[in-house]
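Structure record follows, encoded as structure tokens.
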Amino acid sequence: MFAIVVGGGKIGANVTRSLADQGREVVVVEQRPERAAALAEEFGHRVIQGDGTELYVLERAGITRPPEIVAAVTGDDEDNIVIAQLARERYGVQKVIGRVNDPRNQEHFDLLGVSPTVCSTARILALVEHEVPQHDLVHLLELRNENLAIVEVEVGPSCPCVGAAIDRLGLPDGSRLISVVRDGTAQIATDGTVLQAGDQVLAILEPAREGEVRRILLGR
């Protein structure tokens, strides 16, 4: 596998290091001369110094081959969108990964079809929400290409679903409960599973169904 990583910050360097350690062919592109020089001390010829939004820089990195994967992981969302679009539309790269630095820019990545994306801020926020006692509904994973999301819901004592079997909940089409964690033990959710207070329920659903699922499980 040949991969190009655009952005030589901590994330880009770690991705490059991991791929190199696995014996993969990888090139990292970094715009800042001093940072590129530091990377070259570790990665040698795998480092290309230049602006990854420039065609000639991407071509020096080998994008015309093309690579199996391009990861646009700079600290600038606009640059990551441009790099991802160039890789996919001009050079025919099939797998492009974009880093989202500001979650508010996620919709721009979505509108332009840049997928999959990774947003460390959103993931950390989900982890924080998960640790809040009696948390509401937490987004664990967004499957944007499939228009699906995996969410976790903690069932409180006053929730309307307590004591109800899953097949009696009236969940909408486009949603399904997939597992229940009870007293630290996970079990596959079946139609006959009866929900109890304290259960942590995983559901897979279409984003448009989130409000209905929230109302049925949490009553709000």
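Note on naming: chains are A, B, ... as they come in the structure tokens, residues start from 1 per chain, ligands start from 1 in the order shown.
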
Please identify the strand (DSSP E) residues within segment 8-199 of chain A (assignment by DSSP from backbone atoms) and present them as a PDB file with N, CA and C atoms, in the first residue's frame.
ATOM      1  N   GLU A  25       4.546   1.831   2.272  1.00  0.00           N
ATOM      2  CA  GLU A  25       5.183   2.933   1.550  1.00  0.00           C
ATOM      3  C   GLU A  25       4.380   4.200   1.843  1.00  0.00           C
ATOM      4  N   VAL A  26       5.022   5.205   2.398  1.00  0.00           N
ATOM      5  CA  VAL A  26       4.309   6.404   2.811  1.00  0.00           C
ATOM      6  C   VAL A  26       5.167   7.629   2.579  1.00  0.00           C
ATOM      7  N   VAL A  27       4.524   8.725   2.179  1.00  0.00           N
ATOM      8  CA  VAL A  27       5.169  10.024   2.008  1.00  0.00           C
ATOM      9  C   VAL A  27       4.386  11.031   2.822  1.00  0.00           C
ATOM     10  N   VAL A  28       5.089  11.910   3.534  1.00  0.00           N
ATOM     11  CA  VAL A  28       4.428  12.961   4.291  1.00  0.00           C
ATOM     12  C   VAL A  28       4.803  14.317   3.705  1.00  0.00           C
ATOM     13  N   VAL A  29       3.806  15.171   3.522  1.00  0.00           N
ATOM     14  CA  VAL A  29       3.992  16.507   2.965  1.00  0.00           C
ATOM     15  C   VAL A  29       3.811  17.527   4.090  1.00  0.00           C
ATOM     16  N   GLU A  30       4.774  18.410   4.255  1.00  0.00           N
ATOM     17  CA  GLU A  30       4.709  19.434   5.301  1.00  0.00           C
ATOM     18  C   GLU A  30       5.154  20.763   4.728  1.00  0.00           C
ATOM     19  N   VAL A  47       9.856  12.560   3.212  1.00  0.00           N
ATOM     20  CA  VAL A  47       9.328  13.898   3.509  1.00  0.00           C
ATOM     21  C   VAL A  47       9.435  14.798   2.276  1.00  0.00           C
ATOM     22  N   ILE A  48       8.311  15.454   1.958  1.00  0.00           N
ATOM     23  CA  ILE A  48       8.271  16.458   0.892  1.00  0.00           C
ATOM     24  C   ILE A  48       7.903  17.792   1.526  1.00  0.00           C
ATOM     25  N   GLN A  49       8.753  18.797   1.345  1.00  0.00           N
ATOM     26  CA  GLN A  49       8.456  20.113   1.896  1.00  0.00           C
ATOM     27  C   GLN A  49       7.710  20.934   0.862  1.00  0.00           C
ATOM     28  N   ILE A  69      -4.357   5.662  -0.561  1.00  0.00           N
ATOM     29  CA  ILE A  69      -4.980   6.529   0.436  1.00  0.00           C
ATOM     30  C   ILE A  69      -4.259   7.874   0.484  1.00  0.00           C
ATOM     31  N   VAL A  70      -5.035   8.945   0.586  1.00  0.00           N
ATOM     32  CA  VAL A  70      -4.498  10.270   0.914  1.00  0.00           C
ATOM     33  C   VAL A  70      -5.173  10.724   2.195  1.00  0.00           C
ATOM     34  N   ALA A  71      -4.380  11.098   3.186  1.00  0.00           N
ATOM     35  CA  ALA A  71      -4.905  11.613   4.448  1.00  0.00           C
ATOM     36  C   ALA A  71      -4.551  13.085   4.549  1.00  0.00           C
ATOM     37  N   ALA A  72      -5.571  13.946   4.523  1.00  0.00           N
ATOM     38  CA  ALA A  72      -5.374  15.395   4.644  1.00  0.00           C
ATOM     39  C   ALA A  72      -5.568  15.757   6.108  1.00  0.00           C
ATOM     40  N   LYS A  95      -9.616   6.461  -1.900  1.00  0.00           N
ATOM     41  CA  LYS A  95      -9.836   6.601  -0.462  1.00  0.00           C
ATOM     42  C   LYS A  95      -9.146   7.858   0.035  1.00  0.00           C
ATOM     43  N   VAL A  96      -9.952   8.799   0.514  1.00  0.00           N
ATOM     44  CA  VAL A  96      -9.441  10.069   1.012  1.00  0.00           C
ATOM     45  C   VAL A  96      -9.999  10.290   2.414  1.00  0.00           C
ATOM     46  N   ILE A  97      -9.129  10.632   3.344  1.00  0.00           N
ATOM     47  CA  ILE A  97      -9.531  10.894   4.720  1.00  0.00           C
ATOM     48  C   ILE A  97      -9.235  12.350   5.039  1.00  0.00           C
ATOM     49  N   GLY A  98     -10.200  13.049   5.615  1.00  0.00           N
ATOM     50  CA  GLY A  98     -10.025  14.459   5.938  1.00  0.00           C
ATOM     51  C   GLY A  98     -10.112  14.702   7.433  1.00  0.00           C
ATOM     52  N   ARG A  99      -9.200  15.505   7.942  1.00  0.00           N
ATOM     53  CA  ARG A  99      -9.248  15.899   9.357  1.00  0.00           C
ATOM     54  C   ARG A  99     -10.095  17.152   9.500  1.00  0.00           C
ATOM     55  N   THR A 117     -14.290  11.480   7.533  1.00  0.00           N
ATOM     56  CA  THR A 117     -13.591  12.545   8.234  1.00  0.00           C
ATOM     57  C   THR A 117     -13.315  12.117   9.670  1.00  0.00           C
ATOM     58  N   VAL A 118     -12.319  12.769  10.262  1.00  0.00           N
ATOM     59  CA  VAL A 118     -11.962  12.508  11.649  1.00  0.00           C
ATOM     60  C   VAL A 118     -11.910  13.840  12.373  1.00  0.00           C
ATOM     61  N   LEU A 137     -28.088  11.361  25.370  1.00  0.00           N
ATOM     62  CA  LEU A 137     -27.803  10.590  24.158  1.00  0.00           C
ATOM     63  C   LEU A 137     -26.445  11.027  23.631  1.00  0.00           C
ATOM     64  N   VAL A 138     -25.537  10.086  23.479  1.00  0.00           N
ATOM     65  CA  VAL A 138     -24.167  10.383  23.076  1.00  0.00           C
ATOM     66  C   VAL A 138     -23.904   9.785  21.696  1.00  0.00           C
ATOM     67  N   HIS A 139     -23.358  10.588  20.786  1.00  0.00           N
ATOM     68  CA  HIS A 139     -22.979  10.097  19.466  1.00  0.00           C
ATOM     69  C   HIS A 139     -21.610   9.418  19.556  1.00  0.00           C
ATOM     70  N   LEU A 140     -21.568   8.151  19.252  1.00  0.00           N
ATOM     71  CA  LEU A 140     -20.321   7.403  19.306  1.00  0.00           C
ATOM     72  C   LEU A 140     -19.641   7.321  17.945  1.00  0.00           C
ATOM     73  N   LEU A 141     -20.429   7.193  16.879  1.00  0.00           N
ATOM     74  CA  LEU A 141     -19.843   7.006  15.556  1.00  0.00           C
ATOM     75  C   LEU A 141     -20.810   7.493  14.494  1.00  0.00           C
ATOM     76  N   GLU A 142     -20.274   8.266  13.549  1.00  0.00           N
ATOM     77  CA  GLU A 142     -21.061   8.728  12.409  1.00  0.00           C
ATOM     78  C   GLU A 142     -20.612   7.981  11.156  1.00  0.00           C
ATOM     79  N   LEU A 143     -21.530   7.276  10.522  1.00  0.00           N
ATOM     80  CA  LEU A 143     -21.259   6.589   9.256  1.00  0.00           C
ATOM     81  C   LEU A 143     -21.906   7.416   8.158  1.00  0.00           C
ATOM     82  N   LEU A 148     -25.884   6.738   8.554  1.00  0.00           N
ATOM     83  CA  LEU A 148     -26.227   6.080   9.806  1.00  0.00           C
ATOM     84  C   LEU A 148     -25.360   6.631  10.931  1.00  0.00           C
ATOM     85  N   ALA A 149     -25.847   6.488  12.141  1.00  0.00           N
ATOM     86  CA  ALA A 149     -25.089   6.871  13.323  1.00  0.00           C
ATOM     87  C   ALA A 149     -25.288   5.812  14.392  1.00  0.00           C
ATOM     88  N   ILE A 150     -24.265   5.628  15.206  1.00  0.00           N
ATOM     89  CA  ILE A 150     -24.375   4.754  16.372  1.00  0.00           C
ATOM     90  C   ILE A 150     -24.357   5.650  17.602  1.00  0.00           C
ATOM     91  N   VAL A 151     -25.378   5.502  18.435  1.00  0.00           N
ATOM     92  CA  VAL A 151     -25.514   6.352  19.613  1.00  0.00           C
ATOM     93  C   VAL A 151     -25.665   5.482  20.854  1.00  0.00           C
ATOM     94  N   GLU A 152     -25.376   6.085  21.996  1.00  0.00           N
ATOM     95  CA  GLU A 152     -25.584   5.402  23.280  1.00  0.00           C
ATOM     96  C   GLU A 152     -26.581   6.202  24.098  1.00  0.00           C
ATOM     97  N   VAL A 153     -27.491   5.508  24.720  1.00  0.00           N
ATOM     98  CA  VAL A 153     -28.500   6.129  25.576  1.00  0.00           C
ATOM     99  C   VAL A 153     -28.458   5.438  26.932  1.00  0.00           C
ATOM    100  N   GLU A 154     -28.426   6.231  28.002  1.00  0.00           N
ATOM    101  CA  GLU A 154     -28.524   5.664  29.347  1.00  0.00           C
ATOM    102  C   GLU A 154     -29.964   5.789  29.823  1.00  0.00           C
ATOM    103  N   SER A 175     -34.215   2.640  12.473  1.00  0.00           N
ATOM    104  CA  SER A 175     -33.546   2.622  13.770  1.00  0.00           C
ATOM    105  C   SER A 175     -33.637   1.222  14.359  1.00  0.00           C
ATOM    106  N   ARG A 176     -32.633   0.868  15.156  1.00  0.00           N
ATOM    107  CA  ARG A 176     -32.629  -0.456  15.776  1.00  0.00           C
ATOM    108  C   ARG A 176     -31.720  -0.434  16.998  1.00  0.00           C
ATOM    109  N   LEU A 177     -32.178  -1.035  18.091  1.00  0.00           N
ATOM    110  CA  LEU A 177     -31.320  -1.210  19.256  1.00  0.00           C
ATOM    111  C   LEU A 177     -30.450  -2.442  19.013  1.00  0.00           C
ATOM    112  N   ILE A 178     -29.135  -2.309  19.266  1.00  0.00           N
ATOM    113  CA  ILE A 178     -28.229  -3.395  18.916  1.00  0.00           C
ATOM    114  C   ILE A 178     -27.606  -4.079  20.134  1.00  0.00           C
ATOM    115  N   SER A 179     -27.495  -3.393  21.259  1.00  0.00           N
ATOM    116  CA  SER A 179     -26.943  -4.042  22.447  1.00  0.00           C
ATOM    117  C   SER A 179     -27.371  -3.292  23.697  1.00  0.00           C
ATOM    118  N   VAL A 180     -27.308  -4.008  24.811  1.00  0.00           N
ATOM    119  CA  VAL A 180     -27.635  -3.436  26.114  1.00  0.00           C
ATOM    120  C   VAL A 180     -26.520  -3.823  27.080  1.00  0.00           C
ATOM    121  N   VAL A 181     -25.966  -2.824  27.768  1.00  0.00           N
ATOM    122  CA  VAL A 181     -24.981  -3.081  28.816  1.00  0.00           C
ATOM    123  C   VAL A 181     -25.684  -2.921  30.153  1.00  0.00           C
ATOM    124  N   ARG A 182     -25.692  -4.018  30.926  1.00  0.00           N
ATOM    125  CA  ARG A 182     -26.393  -4.031  32.222  1.00  0.00           C
ATOM    126  C   ARG A 182     -25.450  -4.595  33.280  1.00  0.00           C
ATOM    127  N   THR A 185     -22.179  -5.890  31.990  1.00  0.00           N
ATOM    128  CA  THR A 185     -22.185  -7.008  31.049  1.00  0.00           C
ATOM    129  C   THR A 185     -23.000  -6.646  29.824  1.00  0.00           C
ATOM    130  N   ALA A 186     -22.416  -6.853  28.656  1.00  0.00           N
ATOM    131  CA  ALA A 186     -23.102  -6.527  27.407  1.00  0.00           C
ATOM    132  C   ALA A 186     -23.864  -7.732  26.884  1.00  0.00           C
ATOM    133  N   GLN A 187     -25.013  -7.461  26.298  1.00  0.00           N
ATOM    134  CA  GLN A 187     -25.798  -8.511  25.651  1.00  0.00           C
ATOM    135  C   GLN A 187     -26.397  -7.965  24.366  1.00  0.00           C
ATOM    136  N   ILE A 188     -26.552  -8.861  23.392  1.00  0.00           N
ATOM    137  CA  ILE A 188     -27.183  -8.466  22.133  1.00  0.00           C
ATOM    138  C   ILE A 188     -28.652  -8.167  22.397  1.00  0.00           C
TER     139      ILE A 188
END

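Here atom CA of Ile83 of chain A and atom CA of Arg32 of chain A stand 16.5 Å from one another.
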
* To do: Determine the nearest neighbour of Tyr91 of chain A from the options A:Gly174, A:Gly198, A:Gly62, A:Gly8, counting only C-alpha atoms.
  =>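 Among A:Gly174, A:Gly198, A:Gly62, A:Gly8, it is A:Gly62 that comes nearest to Tyr91 of chain A.
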
* To do: Would you mind writing down, as a PyMOL selection string, each residue of segment 50-192 of chain A that DSSP on the backbone assigns to alpha helix (DSSP H)?
  => chain A and resi 55-61+77-85+106-111+120-131

Emit the selected residues as a short mmCIF file (atom, residue, chain, number, x, y, z; two decimals), in the first residue's frame, including N, CA and C atoms.
data_model
loop_
_atom_site.label_atom_id
_atom_site.label_comp_id
_atom_site.auth_asym_id
_atom_site.auth_seq_id
_atom_site.Cartn_x
_atom_site.Cartn_y
_atom_site.Cartn_z
N LEU A 55 -0.58 21.70 -6.79
CA LEU A 55 -0.55 20.48 -7.60
C LEU A 55 0.87 19.93 -7.72
N TYR A 56 1.84 20.80 -7.95
CA TYR A 56 3.19 20.30 -8.18
C TYR A 56 3.77 19.65 -6.93
N VAL A 57 3.33 20.12 -5.76
CA VAL A 57 3.80 19.51 -4.51
C VAL A 57 3.20 18.11 -4.36
N LEU A 58 1.91 17.99 -4.62
CA LEU A 58 1.27 16.68 -4.55
C LEU A 58 1.88 15.72 -5.56
N GLU A 59 2.22 16.25 -6.74
CA GLU A 59 2.81 15.38 -7.76
C GLU A 59 4.22 14.96 -7.39
N ARG A 60 4.98 15.84 -6.72
CA ARG A 60 6.29 15.43 -6.20
C ARG A 60 6.16 14.32 -5.17
N ALA A 61 5.05 14.35 -4.44
CA ALA A 61 4.82 13.31 -3.43
C ALA A 61 4.38 11.99 -4.04
N ASP A 77 -8.76 23.54 8.13
CA ASP A 77 -9.86 22.80 7.52
C ASP A 77 -10.02 23.13 6.04
N GLU A 78 -9.84 24.39 5.66
CA GLU A 78 -9.97 24.75 4.25
C GLU A 78 -8.93 24.02 3.41
N ASP A 79 -7.70 23.95 3.92
CA ASP A 79 -6.66 23.22 3.19
C ASP A 79 -7.02 21.75 3.07
N ASN A 80 -7.54 21.17 4.13
CA ASN A 80 -7.88 19.74 4.10
C ASN A 80 -8.98 19.45 3.09
N ILE A 81 -9.94 20.36 2.98
CA ILE A 81 -11.00 20.19 1.98
C ILE A 81 -10.43 20.26 0.58
N VAL A 82 -9.57 21.25 0.33
CA VAL A 82 -8.97 21.41 -1.00
C VAL A 82 -8.13 20.19 -1.36
N ILE A 83 -7.31 19.74 -0.43
CA ILE A 83 -6.43 18.58 -0.69
C ILE A 83 -7.27 17.34 -0.98
N ALA A 84 -8.31 17.13 -0.18
CA ALA A 84 -9.16 15.95 -0.37
C ALA A 84 -9.85 15.99 -1.74
N GLN A 85 -10.35 17.16 -2.11
CA GLN A 85 -11.04 17.28 -3.40
C GLN A 85 -10.07 17.07 -4.57
N GLN A 106 -17.79 20.72 9.94
CA GLN A 106 -18.14 19.39 9.45
C GLN A 106 -19.12 19.44 8.28
N GLU A 107 -20.10 20.36 8.35
CA GLU A 107 -21.09 20.43 7.29
C GLU A 107 -20.46 20.79 5.95
N HIS A 108 -19.37 21.56 5.96
CA HIS A 108 -18.72 21.90 4.70
C HIS A 108 -18.05 20.67 4.09
N PHE A 109 -17.44 19.86 4.92
CA PHE A 109 -16.87 18.60 4.43
C PHE A 109 -17.98 17.72 3.86
N ASP A 110 -19.10 17.66 4.55
CA ASP A 110 -20.21 16.82 4.10
C ASP A 110 -20.78 17.31 2.77
N LEU A 111 -20.98 18.62 2.66
CA LEU A 111 -21.55 19.18 1.44
C LEU A 111 -20.67 18.93 0.23
N SER A 120 -11.10 15.07 16.15
CA SER A 120 -10.70 14.70 17.50
C SER A 120 -11.50 15.46 18.55
N THR A 121 -11.87 16.72 18.25
CA THR A 121 -12.67 17.50 19.19
C THR A 121 -14.02 16.83 19.45
N ALA A 122 -14.68 16.40 18.37
CA ALA A 122 -15.99 15.76 18.53
C ALA A 122 -15.86 14.45 19.28
N ARG A 123 -14.79 13.72 19.03
CA ARG A 123 -14.63 12.44 19.71
C ARG A 123 -14.34 12.62 21.19
N ILE A 124 -13.52 13.61 21.50
CA ILE A 124 -13.25 13.89 22.92
C ILE A 124 -14.53 14.34 23.62
N LEU A 125 -15.32 15.18 22.94
CA LEU A 125 -16.58 15.63 23.53
C LEU A 125 -17.50 14.45 23.80
N ALA A 126 -17.55 13.50 22.86
CA ALA A 126 -18.39 12.31 23.07
C ALA A 126 -17.92 11.52 24.28
N LEU A 127 -16.60 11.41 24.46
CA LEU A 127 -16.07 10.70 25.62
C LEU A 127 -16.41 11.43 26.91
N VAL A 128 -16.32 12.76 26.88
CA VAL A 128 -16.67 13.55 28.06
C VAL A 128 -18.14 13.35 28.40
N GLU A 129 -19.01 13.44 27.38
CA GLU A 129 -20.44 13.25 27.61
C GLU A 129 -20.73 11.86 28.16
N HIS A 130 -19.97 10.88 27.67
CA HIS A 130 -20.16 9.50 28.10
C HIS A 130 -19.88 9.35 29.59
N GLU A 131 -18.95 10.14 30.11
CA GLU A 131 -18.57 10.02 31.51
C GLU A 131 -19.46 10.82 32.45
#

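Distance check against Leu218 of chain A using only C-alpha atoms: of A:Ala87, A:Val6, A:Ala38, A:Val162, the minimum falls on A:Val162.
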